[in-house]
Amino acid sequence: MHTTPLRVGFVPGVEPDRFMRRWKSGHRDAWLELIPVPLSRQHEALTAGEVDMCFVRLPLVAAELHMVSLWEERAAVMVGSDNELSLLDEIGEEDLEAETEIPSAHLDDAAERIAVVAAGVGYTRIPLSLARLHHRKDAVSRPLRDAEPSRIALAWPRAADDPVRQEFVGVVRGRTSRSSR
């Protein structure tokens, strides 16, 4: 029996609730504790032992970590709701040529950039999941046509691999107690 909780971190935009429900429905011995982790600290949270596993946004280069790639997130553009681009169903690079881009200043600035575009200044590029997380009435997101998606993975330290972590990987990958590896 695993007496300490399995601490699973997640970066903004990842919604781990469905994995928690699956974990609980399996009547497992270990408790699952979900811990929000800023994008800028995803690697540090794992290596410092603040979390046992973490849903991370790639790229994350770390030879000391196991990493299981999970899903892709579509790229989006956010603009103020009064911007002409808000009328489009999706946006291409050619649509952005006359616009001012509000670039990322640091990894955790999504909400600040969205506030700037909501005020009517330019546009910002952002994963669609972060656009949904920071949804505002005065800003809209539109899929960015032909853009590279961002990727989400589950990571954990190689030195700390154990059956409980492997069981969680199975839950995330959709394995049930009746399925085999």
# chains A, B, ... in the order shown; residues from 1 in each chain; ligands from 1
$ select_by_dssp --residues "range 98-127 of chain A" --states "helix (DSSP H, G or I)" --output "ChimeraX atom specification"
/A:110-118
$ closest_atom_pairs --of "range 67-98 of chain A" --to "range 158-176 of chain A" --cutoff "10 Å" --atoms "only C-alpha atoms" --output "JSON lines"
{"residue": "A:Met67", "atom": "CA", "partner": "A:Arg158", "partner_atom": "CA", "distance": 9.1}
{"residue": "A:Val68", "atom": "CA", "partner": "A:Val169", "partner_atom": "CA", "distance": 8.1}
{"residue": "A:Ser69", "atom": "CA", "partner": "A:Arg173", "partner_atom": "CA", "distance": 9.9}
{"residue": "A:Leu70", "atom": "CA", "partner": "A:Arg173", "partner_atom": "CA", "distance": 7.7}
$ residues_around --residues "range 138-151 of chain A" --least-positions-apart "6" --cutoff "7 Å" --atoms "only C-alpha atoms" --output "NGL selection string"
:A and (57-58 or 71-81 or 86 or 89-92 or 117-118 or 127 or 131)
$ atom_distance --atom1 "CA of Ser129 in chain A" --atom2 "CA of Leu154 in chain A"
16.4 Å
$ closest_atom_pairs --of "range 95-133 of chain A" --to "range 30-52 of chain A" --cutoff "10 Å" --atoms "only C-alpha atoms" --output "JSON lines"
{"residue": "A:His106", "atom": "CA", "partner": "A:Ser40", "partner_atom": "CA", "distance": 8.0}
{"residue": "A:Leu107", "atom": "CA", "partner": "A:Ser40", "partner_atom": "CA", "distance": 5.4}
{"residue": "A:Asp108", "atom": "CA", "partner": "A:Leu39", "partner_atom": "CA", "distance": 6.1}
{"residue": "A:Asp109", "atom": "CA", "partner": "A:Leu39", "partner_atom": "CA", "distance": 9.7}
$ write_last_selection --atoms "N, CA, C and O atoms" --output "compact mmCIF listing (two decimals), in the first residue's frame"
# COMPACT_ATOMS: atom_id res chain seq x y z
N HIS A 106 7.93 36.47 -20.94
CA HIS A 106 8.38 35.36 -20.09
C HIS A 106 7.34 34.25 -20.15
O HIS A 106 6.24 34.44 -20.66
N LEU A 107 7.68 33.09 -19.65
CA LEU A 107 6.83 31.90 -19.81
C LEU A 107 5.46 32.01 -19.14
O LEU A 107 4.53 31.33 -19.55
N ASP A 108 5.34 32.82 -18.12
CA ASP A 108 4.10 32.86 -17.35
C ASP A 108 3.27 34.13 -17.61
O ASP A 108 2.48 34.53 -16.76
N ASP A 109 3.42 34.75 -18.77
CA ASP A 109 2.76 36.04 -19.02
C ASP A 109 1.51 35.97 -19.88
O ASP A 109 1.05 37.00 -20.38
$ select_by_dssp --residues "chain A" --states "strand (DSSP E)" --output "number ranges by chain"
A: 6-10, 32-36, 53-58, 65-73, 75-80, 123-127, 139-143, 150-157
